[in-house]
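Content type TSV, C-alpha atoms, from the file upload-v2.tsv:
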```
chain	number	residue	atom	x	y	z
T	22	MET	CA	0.00	0.00	0.00
T	23	THR	CA	1.29	3.42	-0.99
T	24	MET	CA	0.62	6.29	1.43
T	25	GLN	CA	-0.09	9.84	0.31
T	26	SER	CA	2.36	12.68	0.85
T	27	ALA	CA	1.72	15.05	3.74
T	28	ALA	CA	0.91	17.87	1.32
T	29	ALA	CA	-1.98	16.06	-0.36
T	30	ASN	CA	-5.36	17.43	0.71
T	31	THR	CA	-7.74	15.89	-1.82
T	32	ALA	CA	-8.17	12.29	-2.98
T	33	ILE	CA	-9.88	11.48	-6.26
T	34	VAL	CA	-10.95	7.89	-5.68
T	35	PHE	CA	-12.23	5.13	-7.93
T	36	SER	CA	-12.42	1.35	-7.76
T	37	CYS	CA	-12.44	-1.43	-10.32
T	38	ASP	CA	-11.68	-5.06	-10.97
T	39	GLN	CA	-9.99	-6.54	-14.02
T	40	ALA	CA	-13.25	-6.68	-15.98
T	41	TYR	CA	-13.56	-2.88	-15.95
T	42	PHE	CA	-9.86	-2.03	-16.03
T	43	PHE	CA	-10.03	-0.88	-19.66
T	44	LEU	CA	-12.65	1.74	-18.76
T	45	ALA	CA	-10.69	2.79	-15.68
T	46	ARG	CA	-7.69	3.42	-17.95
T	47	GLY	CA	-9.78	5.93	-19.88
T	48	LEU	CA	-10.68	7.65	-16.60
T	49	VAL	CA	-7.04	7.82	-15.49
T	50	LEU	CA	-5.85	9.14	-18.86
T	51	SER	CA	-8.56	11.81	-18.84
T	52	LEU	CA	-7.59	12.83	-15.30
T	53	ALA	CA	-3.99	13.17	-16.48
T	54	ASP	CA	-5.19	15.44	-19.30
T	55	ALA	CA	-6.77	17.64	-16.60
T	56	GLY	CA	-3.59	17.73	-14.50
T	57	TYR	CA	-4.25	15.00	-11.93
T	58	PRO	CA	-2.60	13.69	-9.87
T	59	ASN	CA	-0.61	16.67	-8.59
T	60	ALA	CA	0.96	17.86	-5.33
T	61	ASP	CA	-2.37	18.70	-3.71
T	62	THR	CA	-4.61	16.08	-5.29
T	63	LYS	CA	-3.89	12.38	-5.45
T	64	VAL	CA	-5.62	9.81	-7.62
T	65	VAL	CA	-6.38	6.61	-5.72
T	66	LEU	CA	-7.47	3.19	-6.96
T	67	ILE	CA	-9.09	0.91	-4.42
T	68	ASP	CA	-8.34	-2.44	-6.00
T	69	ILE	CA	-11.08	-5.09	-5.96
T	70	GLY	CA	-9.46	-7.57	-8.33
T	71	CYS	CA	-7.05	-6.13	-10.90
T	72	ASP	CA	-4.11	-8.23	-12.01
T	73	ALA	CA	-0.45	-7.32	-11.41
T	74	GLU	CA	0.02	-5.86	-14.90
T	75	ALA	CA	-3.01	-3.59	-14.48
T	76	LEU	CA	-1.82	-2.36	-11.08
T	77	LEU	CA	1.64	-1.65	-12.50
T	78	TRP	CA	0.06	0.38	-15.31
T	79	MET	CA	-1.77	2.47	-12.70
T	80	GLN	CA	1.29	3.01	-10.53
T	81	GLU	CA	3.39	4.06	-13.52
T	82	ARG	CA	0.90	6.88	-14.06
T	83	GLY	CA	1.06	8.15	-10.51
T	84	VAL	CA	-2.06	6.40	-9.22
T	85	MET	CA	-1.91	5.30	-5.60
T	86	VAL	CA	-3.08	1.71	-5.31
T	87	THR	CA	-4.60	0.40	-2.12
T	88	PRO	CA	-6.29	-3.00	-1.72
T	89	PHE	CA	-9.92	-3.15	-0.69
T	90	ASP	CA	-10.19	-3.54	3.08
T	91	PRO	CA	-13.47	-5.18	4.15
T	92	ALA	CA	-12.93	-4.38	7.83
T	93	PRO	CA	-14.95	-1.11	7.97
T	94	LEU	CA	-17.99	-2.65	6.25
T	95	PRO	CA	-20.66	-4.37	8.37
T	96	GLN	CA	-20.93	-8.11	7.88
T	97	ALA	CA	-24.63	-7.68	7.08
T	98	VAL	CA	-23.59	-5.78	3.95
T	99	LEU	CA	-20.71	-8.06	2.97
T	100	ASP	CA	-23.03	-11.08	3.21
T	101	VAL	CA	-25.35	-9.87	0.42
T	102	ILE	CA	-23.00	-8.36	-2.19
T	103	THR	CA	-21.00	-9.81	-5.05
T	104	PRO	CA	-17.26	-9.09	-5.31
T	105	ALA	CA	-17.89	-6.43	-7.97
T	106	GLN	CA	-20.48	-4.71	-5.76
T	107	ARG	CA	-17.80	-3.91	-3.21
T	108	ALA	CA	-17.05	-0.86	-5.39
T	109	MET	CA	-20.49	0.49	-4.52
T	110	ALA	CA	-20.93	-0.72	-0.96
T	111	MET	CA	-17.59	0.66	0.31
T	112	ARG	CA	-18.33	4.32	-0.41
T	113	PRO	CA	-19.67	5.46	2.98
T	114	TRP	CA	-16.47	4.17	4.60
T	115	LEU	CA	-13.96	5.95	2.36
T	116	PRO	CA	-12.76	8.24	5.20
T	117	GLN	CA	-11.70	5.17	7.20
T	118	MET	CA	-10.06	3.58	4.18
T	119	LEU	CA	-8.17	6.75	3.21
T	120	PRO	CA	-6.94	8.49	6.38
T	121	GLY	CA	-5.30	11.87	6.02
T	122	PHE	CA	-7.28	13.34	3.13
T	123	GLU	CA	-9.54	16.23	4.05
T	124	HIS	CA	-11.59	16.20	0.86
T	125	ILE	CA	-12.68	13.02	-0.90
T	126	ILE	CA	-13.99	12.93	-4.46
T	127	TRP	CA	-15.46	9.72	-5.80
T	128	LEU	CA	-15.63	8.92	-9.52
T	129	ASP	CA	-17.06	5.70	-10.94
T	130	CYS	CA	-14.59	3.89	-13.18
T	131	ASP	CA	-16.97	3.85	-16.17
T	132	LEU	CA	-16.70	7.57	-16.80
T	133	TRP	CA	-14.13	10.03	-18.11
T	134	LEU	CA	-13.46	13.76	-17.87
T	135	GLN	CA	-13.65	16.03	-20.88
T	136	ASN	CA	-12.23	18.79	-18.69
T	137	GLY	CA	-11.17	19.22	-15.08
T	138	GLU	CA	-14.02	21.48	-14.02
T	139	VAL	CA	-15.74	18.78	-11.98
T	140	VAL	CA	-12.90	18.77	-9.43
T	141	HIS	CA	-13.07	22.55	-9.02
T	142	ASN	CA	-16.86	22.40	-8.69
T	143	LEU	CA	-16.78	19.68	-6.06
T	144	ARG	CA	-14.20	21.62	-4.08
T	145	ALA	CA	-16.38	24.73	-4.32
T	146	GLY	CA	-19.31	22.74	-2.94
T	147	ALA	CA	-17.27	21.50	0.00
T	148	ASN	CA	-16.07	25.03	0.76
T	149	ALA	CA	-19.57	26.49	0.52
T	150	ALA	CA	-21.20	23.81	2.68
T	151	PRO	CA	-18.62	21.76	4.62
T	152	HIS	CA	-21.25	19.45	6.11
T	153	ALA	CA	-22.94	18.65	2.81
T	154	VAL	CA	-22.38	16.23	-0.04
T	155	THR	CA	-22.16	17.67	-3.56
T	156	LEU	CA	-23.66	15.49	-6.29
T	157	ALA	CA	-25.78	15.64	-9.45
T	158	PRO	CA	-29.24	14.34	-10.34
T	159	GLY	CA	-29.14	10.96	-12.05
T	160	THR	CA	-31.73	12.14	-14.58
T	161	SER	CA	-32.07	15.75	-15.65
T	162	HIS	CA	-33.41	18.17	-18.25
T	163	TYR	CA	-30.44	17.22	-20.44
T	164	ASN	CA	-31.77	13.65	-20.81
T	165	ALA	CA	-34.47	12.52	-23.24
T	166	ARG	CA	-36.05	10.36	-20.56
T	167	LEU	CA	-37.32	13.35	-18.59
T	168	TYR	CA	-39.38	14.50	-21.56
T	169	THR	CA	-40.71	11.16	-22.76
T	170	ASP	CA	-41.43	8.90	-19.78
T	171	ILE	CA	-41.64	10.60	-16.40
T	172	GLU	CA	-44.14	7.98	-15.23
T	173	ALA	CA	-41.61	5.19	-15.78
T	174	LEU	CA	-38.92	7.15	-13.93
T	175	ILE	CA	-41.16	7.62	-10.89
T	176	ALA	CA	-42.26	3.99	-11.02
T	177	MET	CA	-38.63	2.83	-11.05
T	178	GLN	CA	-37.84	5.02	-8.05
T	179	ARG	CA	-40.94	3.77	-6.24
T	180	VAL	CA	-39.69	0.18	-6.63
T	181	TRP	CA	-36.37	1.23	-5.06
T	182	TYR	CA	-37.86	2.90	-2.01
T	183	ASP	CA	-40.73	0.45	-1.49
T	184	SER	CA	-38.06	-2.20	-0.96
T	185	CYS	CA	-36.71	-0.52	2.17
T	186	CYS	CA	-39.02	2.30	3.34
T	187	GLU	CA	-42.49	2.69	4.77
T	188	PRO	CA	-45.07	3.34	2.01
T	189	ASP	CA	-45.63	7.03	2.80
T	190	VAL	CA	-41.89	7.75	2.89
T	191	ALA	CA	-41.34	5.75	-0.30
T	192	ARG	CA	-44.05	7.75	-2.06
T	193	GLN	CA	-42.55	11.07	-1.01
T	194	ILE	CA	-38.98	10.24	-2.04
T	195	ALA	CA	-40.05	8.60	-5.30
T	196	GLY	CA	-41.74	11.86	-6.30
T	197	THR	CA	-38.38	13.67	-6.36
T	198	LEU	CA	-35.49	13.33	-8.79
T	199	HIS	CA	-32.88	10.94	-7.48
T	200	TYR	CA	-29.21	11.89	-7.15
T	201	SER	CA	-26.33	9.82	-8.45
T	202	SER	CA	-23.50	8.64	-6.21
T	203	ALA	CA	-21.28	7.95	-9.24
T	204	VAL	CA	-19.69	11.40	-8.80
T	205	PHE	CA	-19.66	13.12	-5.44
T	206	GLY	CA	-17.48	15.12	-3.11
T	207	MET	CA	-17.43	15.53	0.66
T	208	ARG	CA	-15.20	16.78	3.40
T	209	ARG	CA	-13.95	14.17	5.83
T	210	SER	CA	-15.85	15.99	8.61
T	211	SER	CA	-19.26	15.76	6.89
T	212	PRO	CA	-21.90	13.97	9.00
T	213	VAL	CA	-23.34	12.58	5.78
T	214	TRP	CA	-20.70	9.82	5.78
T	215	ALA	CA	-21.95	8.33	9.04
T	216	ALA	CA	-25.62	8.76	8.16
T	217	TRP	CA	-24.99	7.11	4.79
T	218	GLY	CA	-23.17	4.21	6.42
T	219	GLU	CA	-26.04	3.64	8.85
T	220	GLU	CA	-28.56	3.69	6.02
T	221	VAL	CA	-26.46	1.36	3.85
T	222	THR	CA	-26.24	-1.07	6.77
T	223	ARG	CA	-30.03	-0.98	7.12
T	224	VAL	CA	-31.10	-1.18	3.48
T	225	TYR	CA	-28.74	-3.74	1.96
T	226	PRO	CA	-30.19	-6.76	3.79
T	227	LEU	CA	-33.75	-5.55	3.14
T	228	ILE	CA	-33.23	-4.95	-0.57
T	229	ALA	CA	-31.41	-8.27	-0.95
T	230	VAL	CA	-34.59	-10.04	0.20
T	231	ARG	CA	-37.33	-7.80	-1.17
T	232	GLN	CA	-35.80	-6.59	-4.46
T	233	PRO	CA	-32.62	-8.58	-5.15
T	234	LYS	CA	-32.20	-7.17	-8.67
T	235	ALA	CA	-31.72	-3.72	-7.09
T	236	VAL	CA	-28.90	-4.67	-4.72
T	237	HIS	CA	-26.39	-2.97	-7.03
T	238	MET	CA	-28.35	0.27	-6.46
T	239	ALA	CA	-28.60	-0.04	-2.68
T	240	GLU	CA	-25.93	2.50	-1.72
T	241	LEU	CA	-27.48	5.03	-4.14
T	242	ILE	CA	-30.90	4.37	-2.62
T	243	ALA	CA	-29.41	4.84	0.85
T	244	MET	CA	-27.76	8.13	-0.18
T	245	ASN	CA	-31.04	9.46	-1.52
T	246	ILE	CA	-32.85	8.56	1.69
T	247	VAL	CA	-30.18	10.42	3.67
T	248	ILE	CA	-30.26	13.60	1.58
T	249	PHE	CA	-34.07	13.58	1.51
T	250	ARG	CA	-34.11	13.33	5.30
T	251	THR	CA	-31.27	15.74	6.11
T	252	GLN	CA	-31.24	18.09	3.09
T	253	GLN	CA	-27.47	18.29	3.54
T	254	PHE	CA	-26.57	18.37	-0.14
T	255	ILE	CA	-25.59	20.73	-2.93
T	256	ARG	CA	-26.72	20.09	-6.47
T	257	LEU	CA	-23.98	19.63	-9.03
T	258	ASP	CA	-24.82	20.48	-12.65
T	259	PRO	CA	-25.53	17.13	-14.37
T	260	LEU	CA	-23.04	18.13	-17.05
T	261	TYR	CA	-20.48	16.88	-14.54
T	262	ASN	CA	-22.05	13.42	-14.22
T	263	PHE	CA	-23.82	12.99	-17.52
T	264	HIS	CA	-25.56	9.61	-17.59
T	265	CYS	CA	-25.32	8.69	-21.26
T	266	ASN	CA	-27.84	5.87	-20.83
T	267	GLY	CA	-30.46	8.63	-20.58
T	268	ALA	CA	-29.58	9.85	-24.10
T	269	GLY	CA	-29.20	13.54	-24.96
T	270	VAL	CA	-25.48	13.53	-25.82
T	271	MET	CA	-23.38	13.40	-29.01
T	272	ARG	CA	-19.83	13.82	-30.28
T	273	LEU	CA	-19.30	16.66	-32.74
T	274	ALA	CA	-17.01	16.55	-35.76
T	275	ASP	CA	-14.46	18.64	-33.85
T	276	GLY	CA	-14.26	15.89	-31.18
T	277	ARG	CA	-16.22	17.63	-28.41
T	278	VAL	CA	-18.92	15.69	-26.55
T	279	VAL	CA	-21.95	17.93	-26.07
T	280	THR	CA	-25.57	17.86	-24.99
T	281	ASN	CA	-28.04	17.74	-27.86
T	282	MET	CA	-31.40	17.79	-26.09
T	283	LEU	CA	-31.48	21.58	-25.74
T	284	LEU	CA	-30.02	24.61	-27.44
T	285	PRO	CA	-27.45	25.94	-27.03
T	286	LEU	CA	-25.27	22.84	-27.17
T	287	ARG	CA	-23.10	22.59	-24.07
T	288	ASP	CA	-19.86	20.76	-23.48
T	289	VAL	CA	-20.24	17.78	-21.17
T	290	GLY	CA	-17.69	17.83	-18.34
T	291	VAL	CA	-17.98	14.19	-17.26
T	292	ILE	CA	-19.13	11.51	-19.69
T	293	HIS	CA	-20.63	8.63	-17.67
T	294	LEU	CA	-20.97	5.42	-19.70
T	295	ALA	CA	-23.63	4.09	-17.34
T	296	ASN	CA	-25.00	0.57	-17.82
T	297	TRP	CA	-21.94	-0.21	-19.92
T	298	SER	CA	-22.54	-3.94	-20.22
T	299	GLN	CA	-25.91	-3.42	-21.90
T	300	LEU	CA	-25.18	-0.24	-23.89
T	301	ARG	CA	-21.53	-0.61	-24.84
T	302	LEU	CA	-22.21	-1.08	-28.57
T	303	ARG	CA	-24.37	2.05	-28.65
T	304	TYR	CA	-21.63	4.00	-26.89
T	305	ILE	CA	-19.03	2.78	-29.38
T	306	GLU	CA	-21.28	3.60	-32.35
T	307	ARG	CA	-21.86	7.11	-31.01
T	308	GLN	CA	-18.15	7.58	-30.31
T	309	LEU	CA	-18.61	8.34	-26.62
T	310	LEU	CA	-15.54	6.58	-25.21
T	311	TYR	CA	-12.49	8.53	-24.12
T	312	ARG	CA	-10.62	9.58	-27.30
T	313	ASN	CA	-13.27	7.63	-29.19
T	314	GLY	CA	-11.66	4.45	-27.85
T	315	ASP	CA	-8.32	4.90	-29.62
T	316	TYR	CA	-6.49	4.16	-26.36
T	317	LEU	CA	-7.86	0.61	-26.24
T	318	THR	CA	-5.68	-2.34	-27.14
T	319	GLU	CA	-6.72	-4.66	-29.95
T	320	ALA	CA	-7.51	-7.33	-27.38
T	321	GLU	CA	-9.78	-4.93	-25.48
T	322	LYS	CA	-11.58	-3.93	-28.67
T	323	ALA	CA	-12.17	-7.58	-29.50
T	324	MET	CA	-13.46	-8.26	-25.99
T	325	ILE	CA	-15.94	-5.38	-26.17
T	326	ALA	CA	-17.25	-6.63	-29.50
T	327	GLN	CA	-18.07	-10.05	-28.06
T	328	PRO	CA	-21.79	-10.74	-27.34
T	329	LEU	CA	-22.79	-10.90	-23.70
T	330	ALA	CA	-22.86	-14.34	-22.13
T	331	ALA	CA	-26.34	-15.76	-21.63
T	332	GLY	CA	-27.78	-15.32	-18.16
```

Show me this structure written as structure tokens.
Amino acid sequence: MTMQSAAANTAIVFSCDQAYFFLARGLVLSLADAGYPNADTKVVLIDIGCDAEALLWMQERGVMVTPFDPAPLPQAVLDVITPAQRAMAMRPWLPQMLPGFEHIIWLDCDLWLQNGEVVHNLRAGANAAPHAVTLAPGTSHYNARLYTDIEALIAMQRVWYDSCCEPDVARQIAGTLHYSSAVFGMRRSSPVWAAWGEEVTRVYPLIAVRQPKAVHMAELIAMNIVIFRTQQFIRLDPLYNFHCNGAGVMRLADGRVVTNMLLPLRDVGVIHLANWSQLRLRYIERQLLYRNGDYLTEAEKAMIAQPLAAG
């Protein structure tokens, strides 16, 4: 395990296993384009199953690698998650896993930065409201879904909250836009960490029994319950966590990735290739990968082109 230097104040954290390493490489290369890591901001991989060659690639690019430590997570959570779901379930316990950093930024490994503005914006949120979490709506006015099927969006959210909340509470939360925990920033001192951890501990076992297909969403559901209850959050513009599975995005001839649901077109700061396993061919066709995928090896390109295994 590599420890951060005393000067480092911010950690940009992600996690992946070998299956998603090729997407994480795009994230790391895009962070390098934006100037990270640097003296004040470290980039940290919490490893949940990368091979030695992958970890060496990360370290050669200045990424701190630390193995996943299950100790902070309650056994009730560990008992109901798959190995890959550790990347989601660990998030409330990042302060314990990464001592010494005052500001923690989480980025999912299936996204990449078109510019570095998201880091500045998350820092601004932490400075403006030190007790709050800064994060973006998972669906927004930039996405086609908001204009075409609001009823389905609310119904999906109602399924989430019915699995772990009383009916009246579930109805209230489901009537609001949910927020995505794929990109967020918080100070170490924020009380949201502890509240989120308590809620994660409560909801994971419930969802595993009542709605097992939603277990991979359980920490997001828990976060939304916490921010609904406490209101300790700042909204980040969804341009900085743009869920491409909601449509509304395109790559221009000049290479820029922009919104196309509204005029004027706006540059997307963070391109999130959400639901990659199901939508990867669409993302490739629409040229939404980092550098349009030209960083991928031939073996990775061949792997992506393979049909999904049955079941």

What are the closest atom pairs, with distances in Å to one decimal, for all residues of segment 43-136 of chain T lying within 12 Å of segment 144-167 of chain T? Consider all atoms listed in the file, order rows by chain and residue number, and present the result as a Markdown table.
```
| residue | atom | partner | partner_atom | distance |
| --- | --- | --- | --- | --- |
| T:Thr62 | CA | T:Arg144 | CA | 11.1 |
| T:Pro113 | CA | T:Val154 | CA | 11.5 |
| T:Glu123 | CA | T:Ala147 | CA | 10.2 |
| T:His124 | CA | T:Arg144 | CA | 7.8 |
| T:Ile125 | CA | T:Arg144 | CA | 9.3 |
| T:Ile126 | CA | T:Arg144 | CA | 8.7 |
| T:Trp127 | CA | T:Leu156 | CA | 10.0 |
| T:Leu128 | CA | T:Leu156 | CA | 10.9 |
```

Protein and nucleic acid residues near (-15.2, 21.5, -23.6) (cut-off 10 Å, all atoms listed in the file) as a PyMOL selection string:
chain T and resi 134-138+276-279+287-290

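Distance-wise, atom CA of Ala40 of chain T and atom CA of Ala229 of chain T end up 23.6 Å apart.
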
Fewer than 4 positions away in the same chain doesn't count, so skip those; otherwise give me all residues within 7 Å of Leu94 of chain T, counting all atoms listed in the file, as an MDAnalysis selection string.
chainID T and resid 98:99 111

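Shortest separation to Asn262 of chain T among T:Gln178, T:Gly83, T:Pro116, T:Ser201 occurs at residue T:Ser201, atoms counted being only C-alpha atoms.
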
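Of the listed residues T:Glu240, T:Ala235, T:Leu284, T:Leu52, the one whose atoms come nearest to Leu132 of chain T is T:Leu52, with distances taken using only C-alpha atoms.
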
Surrounding residues of Trp133 of chain T excluding itself and chain neighbours under 3 positions, 12 Å, only C-alpha atoms, as a ChimeraX atom specification:
/T:35,43-55,128-130,136-137,139,203-204,261-265,278,289-295,309-314

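Shell of Arg179 of chain T at 12 Å, with only C-alpha atoms counted and residues fewer than 4 places along the chain excluded, is Glu172, Ala173, Leu174, Ile175, Asp183, Ser184, Cys185, Cys186, Glu187, Pro188, Asp189, Val190, Ala191, Arg192, Gln193, Ile194, Ala195, Gly196, Thr197, Leu198, His199, Gln232, Ala235 and Ile242 of chain T.
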
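Shortest atom-to-atom contact with Arg107 of chain T among T:Met238, T:Leu273, T:Ala60, T:Ile171: T:Met238, counting only C-alpha atoms.
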
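From atom CA of Val34 of chain T back to atom CA of Val64 of chain T, the distance works out to 6.0 Å.
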
Option closest in space to Met85 of chain T, from T:Ile248, T:Ile305, T:Leu119, T:Met271 [counting all atoms listed in the file]
T:Leu119

Report, in Å with one decimal, the straight-line distance from atom CA of Phe89 of chain T to atom CA of Phe42 of chain T.
15.4 Å
